[in-house]
Structures are given as C-alpha cells and as structure tokens.
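**Q** Dumping the structure here so I can ask a few things about it.
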Amino acid sequence: MASSITVILNKCTGCTLCVRSCPFGAISMANKKAVIDMAKCTLCGACVTTCKFSAIELKKDSPQGAPKDLSAYKDVWVFCEQKKGVIQTISFELLGEGKKLAKKLGVKLCAVILGHNIEAKIEELSHRGADKIYVVDDPALKAYLDDPYTEVLVNLVQEYKPEIILCGATVIGRSLVSRVAVKIDAGLTADCTGLDIDEKEKLLLQTRPAFGGNIMATIITPNHRPQMATVRHKVMKEAEIHKGHKAEVIRKKFPGASLKSRTTLLDIVEEIEETVNLAEADIIVSGGRGLGSPENFSVVKELAKVLGAAVGSSRAAVDAGWMPYSHQVGQTGKTVCPKLYVACGISGQIQHLIGMQSSKVIVAINKDPDAPIFKVATYGIVGDVLEIVPALTKEFKKVLKK
Ligand SMILES: Cc1cc2nc3c(=O)[nH]c(=O)nc-3n(C[C@H](O)[C@H](O)[C@H](O)COP(=O)(O)OP(=O)(O)OC[C@H]3O[C@@H](n4cnc5c(N)ncnc54)[C@H](O)[C@@H]3O)c2cc1C
C-alpha cells in the first residue's frame with residue numbers, strides 16, 4: 001500500500017487551520033471543506049497535527065511497503081572523509097565520539113572510507129579505534145562526487161544496516177548524507193553540537209541549536225534507521241591513537257556502471273589563505289562591527305600576523321562586506337576551538353558564541369562593559385578596540401622578538 005493523505009469530509013468543519021499550517025501551500029478550501037493538492041503535498045503531516053477535529057488522516061509506509069525491522073540495524077558508523085588521500089581530522093573527532101556511543105550501546109564502531117589507493121589509510125583508522133573498516137577503493141572514487149559516493153554508501157547501508165551514521169558537517173559531508181538519507185528514508189539531524197545515547201530506549205540523542213541558536217533542541221529518530229547526524233569540525237575531541245589496535249577490514253567492490261557520475265570534476269582550486277587556516281588554527285584574532293570600517297580590520301590582521309594566528313570575523317562584519325564568508329565564526333560560519341581566541345569589537349551574540357565558546361582562553365576587547373562577550377571571556381579589556389589592539393600588537397612584537 002502506498003502512502004496517502006485523506007480529508008474525512010464529515011469531520012472537516014472548514015475552520016481553515018490546516019490551510020494556514022501547510023508549509024507548502026498545498027491546502028485550499030472548496031465548499032467549506034479542505035482540499036489537498038497532491039502535486040504540492042509532501043506528506044509532512046503538519047496539517048494532521050494542527051487539525052483539532054482529526055479530519056485529516058495520513059498513512060505513511062516505508063518505500064518498500066513494509067514497516068522496517070529496526071532490530072536488524074546494529075553498529076555505529078563513521079563516514080571518514082579523505083581529500084587527496086588525507087583523512088580529514090573531523091573523521092578522527094567523529095571516531096572519538098562514535099566510540100563512546102558504541103560503548104553505551106554495546107556495539108561495534110565502524111569506519112567507512114571511499115577513495116582510490118587508500119589501502120595505507122586502513123591502519124590509521126584502526127589506530128583511531130575503529131573495530132571494523134569498510135573500504136571501497138576504486139578510481140571512480142578518487143575525489144568526492146555526489147553520484148558514485150551516494151550510490152556506494154546507500155548500498156553499504158542497505159547491506160550491513162548500521163543503526164547510527166555520523167558524518168562531518170563539511171561541504172562534502174552535508175552534500176553526501178542528505179542524499180543518502182533521502183534514498184534510504186532515514187532522518188538526518190544536521191550540525192549537532194552534542195550526541196548521546198538514551199540508555200533506556202537505546203536511541204541516539206542529537207542535540208543542536210534551534211530557533212536561531214536561542215534554544216538547544218534534542219532530536220530523536222524512533223521510527224527509522226539508521227539514525228543519521230552531521231557534526232561540525234572541532235566540536236568533538238579526536239579519538240586517541242592506540243597503535244596496537246587492529247580492526248576487521250571489509251573490502252567491497254562495485255561494478256563500474258554503478259559508479260557513474262552525472263558531473264565531472266574538472267579541477268580543485270584551493271582557497272589561498274593569507275594567514276593560517278581558521279578551522280585548524282591554535283590562535284584566532286576575530287573582528288566585528290565594533291571596528292567601524294573595513295580599513296580598520298587591518299589592526300586585527302596585524303595582531304594576527306604577529307601572533308601567527310588566523311583571522312576570524314563576526315557575521316556583521318561579513319555581511320557588511322568587510323571580510324569574506326570563509327572567515328565567519330559562529331552558527332552559520334565555522335566552529336572553532338583554538339587555544340586562544342581574541343574577540344575585537346564583537347558583542348558576543350549567542351550565534352557567534354556557539355562557534356567559539358569552547359576556545360581554551362578567550363580575550364574580549366569591547367568598549368561596552370556589559371557586552372555579552374565578557375560573560376564567556378577569560379580576560380576582558382574594556383576600551384576602544386582601535387587603541388587597544390595596536391597596543392597589544394606593539395607589545396607582542398617586542399615580547400616575541402626576544
Ligand atoms: C540565524 C542566525 C545565524 C547567525 N549566525 C551568525 C554567525 O555564524 N556568526 C556571527 O558572528 N553572527 C551570526 N549571527 C548574527 C548575530 O546575531 C549578531 O548579529 C552578530 O554576531 C553581531 O556581530 P558583531 O558582534 O560584530 O556586531 P554588533 O552586535 O553590532 O557588536 C559590535 C560590538 O562592538 C562594540 N564596539 C563598537 N565600537 C567599538 C570600539 N571602538 N571599540 C571596542 N568595541 C566597540 C560594541 O559595544 C558592540 O558590542 C546570526 C544571526 C542569526 C539570526
């Protein structure tokens with residue numbers, strides 16, 4: 001039986017609540033009864049929960065027609081991203097977190113790696129704690145492409161049935177797992193900042209900021225498997241290296257036809273960073289609207305140069321066109337966790353704090369003593385950023401020369 005949605009006419013009072021609740025504009029009124037336009041309806045169920053008269057009935061089946069046997073799904077998988085054969089550090093962070101989840105569930109931690117000539121990477125993943133490693137090595141998988149990577153991961157999931165899949169909230173991870181989730185009819189929680197296991201229900205608790213960062217929502221996926229989540233870089237701690245640890249390795253081959261891609265990769269152009277890469281930096285000097293003009297950003301760049309730091313920015317400075325988006329720190333920018341974060345003329349709105357508050361030492365410079373950034377700062381300097389930052393640069397230049 002296919003999924004369906006029906007208006008029960010004798011229960012419908014024509015109140016129009018459902019019309020207003022539909023995010024897709026799929027419901028209209030005809031003769032004081034709700035009518036659903038199936039060309040627009042996505043079966044999201046918003047109208048069903050809104051209707052006070054139980055006048056809308058939604059029947060949803062899995063694509064295969066039969067309800068899923070959730071007990072068949074076992075193990076925690078981490079999709080390990082590689083670029084030019086180098087495993088990205090986000091994968092080690094997810095293996096660290098995945099290990100804790102697998103331990104709580106009493107299941108195996110599995111790494112999944114796709115690429116070409118990646119045999120040497122197996123040991124690295126094994127040392128990071130993976131109990132099992134799924135390897136698909138093929139020239140067609142050398143660099144990330146949506147079609148073949150999706151095809152392979154979907155096939156692996158259908159064959160081995162993991163109960164949890166974790167993936168980096170990177171450009172590649174976001175593109176890949178959303179495609180996989182749709183194909184296997186699974187839920188996906190993006191940009192999680194915390195993961196845990198509900199020990200009673202054995203469900204993955206996926207915590208992420210919601211409503212513009214004003215609340216932290218914990219999301220569960222009780223009816224579908226696998227439970228899928230993406231996590232940003234630098235939110236979790238990397239798995240420790242245990243050189244003696246040996247993983248079971250499962251090598252899979254896929255016929256060439258299934259690895260076809262509708263897109264062709266012409267070139268990979270690396271962004272040229274004037275200073276240190278933001279996400280990897282040990283020290284970050286960030287500027288905000290308090291700098292007053294794009295020219296004044298030079299004081300932040302100067303200090304960053306002297307400290308060997310990366311340059312960060314608030315969204316206000318990015319929106320004003322003072323800095324490129326790639327430097328933005330926060331909810332809709334990068335999450336960073338440096339040893340030292342210097343916030344210059346940044347107020348410290350929650351959306352900015354989400355991206356930097358786990359930094360080890362935070363120094364805030366702001367002329368407003370009540371600025372929220374001081375609540376998370378280790379050291380606060382109240383004053384004009386255009387006087388204090390050049391003074392710090394001058395002093396650091398002297399001290400670091402010695
Ligand atoms: C959905 C959503 C997502 C968002 N994502 C992000 C994000 O990823 N990153 C982000 O940063 N923001 C984000 N924001 C925006 C966020 O809410 C703030 O608007 C933004 O962080 C403010 O940037 P700011 O601190 O530079 O500017 P302001 O809030 O305007 O603060 C400027 C600060 O500079 C101080 N100041 C002014 N002049 C001086 C001076 N001469 N010397 C010293 N101090 C001075 C002021 O006292 C003030 O505290 C998001 C917002 C929403 C709704």
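In the structure tokens, chains take the letters A, B, ... in the order shown, each chain's residues start at 1, and ligands count up from 1 in the order shown.
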Return as a PDB file with C-alpha atoms, in the first residue's frame every polymer residue, whether protein, DNA or RNA, with at least one atom no more than 9 Å from an atom of ligand 1; count only C-alpha atoms and all ligand atoms.

**A**
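The result, written out as pocket-v4.pdb:
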```
ATOM      1  CA  ALA A 210      17.398  25.727  17.084  1.00  0.00           C
ATOM      2  CA  PHE A 211      15.392  28.932  16.607  1.00  0.00           C
ATOM      3  CA  GLY A 212      18.421  30.999  15.668  1.00  0.00           C
ATOM      4  CA  GLY A 213      20.511  29.496  18.461  1.00  0.00           C
ATOM      5  CA  GLY A 287      36.958  41.296  14.393  1.00  0.00           C
ATOM      6  CA  GLY A 288      33.392  42.564  14.494  1.00  0.00           C
ATOM      7  CA  ARG A 289      31.276  45.583  13.688  1.00  0.00           C
ATOM      8  CA  GLY A 290      32.987  47.458  16.523  1.00  0.00           C
ATOM      9  CA  LEU A 291      35.963  48.009  14.194  1.00  0.00           C
ATOM     10  CA  GLY A 292      33.828  50.557  12.404  1.00  0.00           C
ATOM     11  CA  SER A 313      35.105  37.583  11.788  1.00  0.00           C
ATOM     12  CA  SER A 314      31.610  38.070  13.146  1.00  0.00           C
ATOM     13  CA  ARG A 315      28.702  37.769  10.733  1.00  0.00           C
ATOM     14  CA  ALA A 316      28.040  41.508  10.969  1.00  0.00           C
ATOM     15  CA  ALA A 317      31.495  42.199   9.521  1.00  0.00           C
ATOM     16  CA  VAL A 318      30.966  39.578   6.800  1.00  0.00           C
ATOM     17  CA  GLN A 328      32.960  33.865   9.660  1.00  0.00           C
ATOM     18  CA  VAL A 329      32.842  32.225  13.084  1.00  0.00           C
ATOM     19  CA  GLY A 330      29.527  31.102  14.536  1.00  0.00           C
ATOM     20  CA  GLN A 331      26.326  29.257  13.936  1.00  0.00           C
ATOM     21  CA  THR A 332      26.231  29.917  10.206  1.00  0.00           C
ATOM     22  CA  GLY A 333      30.008  30.123   9.885  1.00  0.00           C
ATOM     23  CA  LYS A 334      32.816  27.939  11.240  1.00  0.00           C
ATOM     24  CA  THR A 335      33.033  26.321  14.651  1.00  0.00           C
ATOM     25  CA  ALA A 343      37.420  38.935  20.023  1.00  0.00           C
ATOM     26  CA  CYS A 344      37.858  42.558  18.913  1.00  0.00           C
ATOM     27  CA  GLY A 345      34.718  44.726  18.811  1.00  0.00           C
ATOM     28  CA  ILE A 346      32.394  41.704  18.864  1.00  0.00           C
ATOM     29  CA  SER A 347      29.291  41.931  21.058  1.00  0.00           C
ATOM     30  CA  GLY A 348      29.010  38.167  21.716  1.00  0.00           C
ATOM     31  CA  GLN A 349      25.527  37.324  20.459  1.00  0.00           C
ATOM     32  CA  ILE A 350      24.619  33.662  21.004  1.00  0.00           C
ATOM     33  CA  GLN A 351      25.044  32.864  17.288  1.00  0.00           C
ATOM     34  CA  HIS A 352      28.675  33.966  17.494  1.00  0.00           C
ATOM     35  CA  LEU A 353      29.318  32.293  20.856  1.00  0.00           C
ATOM     36  CA  ILE A 354      28.116  28.910  19.537  1.00  0.00           C
ATOM     37  CA  GLY A 355      31.082  28.909  17.170  1.00  0.00           C
ATOM     38  CA  ILE A 365      38.047  43.758  23.764  1.00  0.00           C
ATOM     39  CA  ASN A 366      34.908  45.905  23.790  1.00  0.00           C
ATOM     40  CA  LYS A 367      34.062  49.460  24.803  1.00  0.00           C
ATOM     41  CA  ASP A 368      30.782  48.336  26.388  1.00  0.00           C
ATOM     42  CA  PRO A 369      31.433  46.746  29.834  1.00  0.00           C
ATOM     43  CA  ASP A 370      28.039  44.993  29.619  1.00  0.00           C
ATOM     44  CA  ALA A 371      28.713  43.326  26.240  1.00  0.00           C
ATOM     45  CA  PRO A 372      27.693  39.625  26.452  1.00  0.00           C
ATOM     46  CA  ILE A 373      31.112  38.534  25.150  1.00  0.00           C
ATOM     47  CA  VAL A 382      37.075  47.459  28.274  1.00  0.00           C
ATOM     48  CA  GLY A 383      38.113  50.155  25.835  1.00  0.00           C
ATOM     49  CA  ASP A 384      38.449  51.314  22.228  1.00  0.00           C
ATOM     50  CA  VAL A 385      39.486  48.454  20.006  1.00  0.00           C
ATOM     51  CA  LEU A 386      41.403  50.839  17.736  1.00  0.00           C
ATOM     52  CA  GLU A 387      43.662  51.840  20.621  1.00  0.00           C
ATOM     53  CA  ILE A 388      43.963  48.516  22.437  1.00  0.00           C
TER      54      ILE A 388
END
```

**Q** Could you name the residues that touch A:Val19 at 10 Å or less, counting only C-alpha atoms, but leaving out those on the same chain fewer than 3 positions away, as a compact mmCIF listing (two decimals) with C-alpha atoms, in the first residue's frame?

**A**
```
# COMPACT_ATOMS: atom_id res chain seq x y z
CA GLY A 14 -13.96 24.24 7.35
CA CYS A 15 -12.02 26.04 10.12
CA THR A 16 -9.01 26.65 7.74
CA CYS A 22 0.66 23.84 5.47
CA PRO A 23 4.25 24.99 4.72
CA PHE A 24 3.81 24.07 1.04
CA GLY A 25 0.55 25.91 0.26
CA ALA A 26 -0.99 22.58 -0.69
CA ILE A 27 -4.35 23.04 1.07
CA SER A 28 -7.25 25.22 -0.07
CA MET A 29 -10.97 25.35 0.79
CA ALA A 34 -10.28 21.25 2.98
CA VAL A 35 -8.88 20.09 -0.35
CA ILE A 36 -5.28 18.84 -0.61
CA CYS A 47 -1.93 19.65 8.85
CA THR A 50 -2.90 21.07 13.53
CA CYS A 51 -6.41 19.76 12.81
```

**Q** Go ahead and compute the interatomic distance for atom CA of A:Arg262 and atom CA of A:Cys80, in Å to one decimal.

**A**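 Taking atom CA of A:Arg262 as the start and atom CA of A:Cys80 as the end point, the length is 23.3 Å.
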
**Q** Between A:Met228, A:Val136, A:Ala39, A:Leu307, single out the one closest to A:Leu392, counting only C-alpha atoms.

**A** A:Leu307

**Q** Based on DSSP run over this structure's backbone, return all residues of stretch 70-140 of chain A in helix (DSSP H, G or I), as a PDB file with C-alpha atoms, in the first residue's frame.

**A**
```pdb
ATOM      1  CA  LEU A  70      14.636  -1.798  13.381  1.00  0.00           C
ATOM      2  CA  SER A  71      16.247  -4.634  15.349  1.00  0.00           C
ATOM      3  CA  ALA A  72      18.186  -5.628  12.217  1.00  0.00           C
ATOM      4  CA  THR A  89      40.607  15.399  11.119  1.00  0.00           C
ATOM      5  CA  ILE A  90      36.821  15.654  11.513  1.00  0.00           C
ATOM      6  CA  SER A  91      36.806  11.876  10.931  1.00  0.00           C
ATOM      7  CA  PHE A  92      39.037  11.338  13.973  1.00  0.00           C
ATOM      8  CA  GLU A  93      36.751  13.576  16.022  1.00  0.00           C
ATOM      9  CA  LEU A  94      33.727  11.501  14.966  1.00  0.00           C
ATOM     10  CA  LEU A  95      35.563   8.255  15.707  1.00  0.00           C
ATOM     11  CA  GLY A  96      36.254   9.577  19.225  1.00  0.00           C
ATOM     12  CA  GLU A  97      32.574  10.401  19.775  1.00  0.00           C
ATOM     13  CA  GLY A  98      31.384   7.270  17.945  1.00  0.00           C
ATOM     14  CA  LYS A  99      33.448   5.103  20.294  1.00  0.00           C
ATOM     15  CA  LYS A 100      31.549   6.481  23.312  1.00  0.00           C
ATOM     16  CA  LEU A 101      28.180   5.867  21.628  1.00  0.00           C
ATOM     17  CA  ALA A 102      29.149   2.350  20.520  1.00  0.00           C
ATOM     18  CA  LYS A 103      30.294   1.540  24.049  1.00  0.00           C
ATOM     19  CA  LYS A 104      26.985   2.674  25.526  1.00  0.00           C
ATOM     20  CA  LEU A 105      25.070   0.565  23.001  1.00  0.00           C
ATOM     21  CA  LYS A 121      44.758   4.615   5.421  1.00  0.00           C
ATOM     22  CA  ILE A 122      43.292   1.473   6.955  1.00  0.00           C
ATOM     23  CA  GLU A 123      45.911   1.262   9.674  1.00  0.00           C
ATOM     24  CA  GLU A 124      45.369   4.924  10.585  1.00  0.00           C
ATOM     25  CA  LEU A 125      41.649   4.335  11.123  1.00  0.00           C
ATOM     26  CA  SER A 126      42.362   1.169  13.041  1.00  0.00           C
ATOM     27  CA  HIS A 127      44.710   3.048  15.392  1.00  0.00           C
ATOM     28  CA  PRO A 139      39.498   5.102  -9.411  1.00  0.00           C
ATOM     29  CA  ALA A 140      35.947   6.492  -9.728  1.00  0.00           C
TER      30      ALA A 140
END
```

**Q** For each of A:Val177, A:Ile362, A:Val300, A:Ala130, take the minimum atom-to-atom distance to A:Thr393, counting only C-alpha atoms, then give the residue where this is smallest.

**A**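 The closest residue to A:Thr393 is A:Val300.
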
**Q** Can you work out which one of A:Cys337, A:Leu259, A:Leu188, A:Leu203 has the shortest atom-to-atom distance to A:Asp147, counting only C-alpha atoms?

**A**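 That would be A:Leu259, the residue with the smallest distance to A:Asp147.
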
**Q** Run DSSP on the backbone of this structure and report the residues of stretch 165-391 of chain A it assigns to strand (DSSP E or B), as a ChimeraX atom specification.

**A** /A:165-168,188-192,194-198,203-210,215-219,227-231,248-252,283-287,310-313,328-329,334,340-344,361-366,379-382

**Q** Just the number, please: distance in Å from atom CA of A:Asn31 to atom CA of A:Thr13, one decimal.

**A**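 Between these atoms lies a distance of 10.7 Å.
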
**Q** Which of these residues is nearest to A:Phe396, using only C-alpha atoms: A:Pro338, A:Pro324, A:Gly168, A:Gly308?

**A**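 The closest residue to A:Phe396 is A:Gly308.
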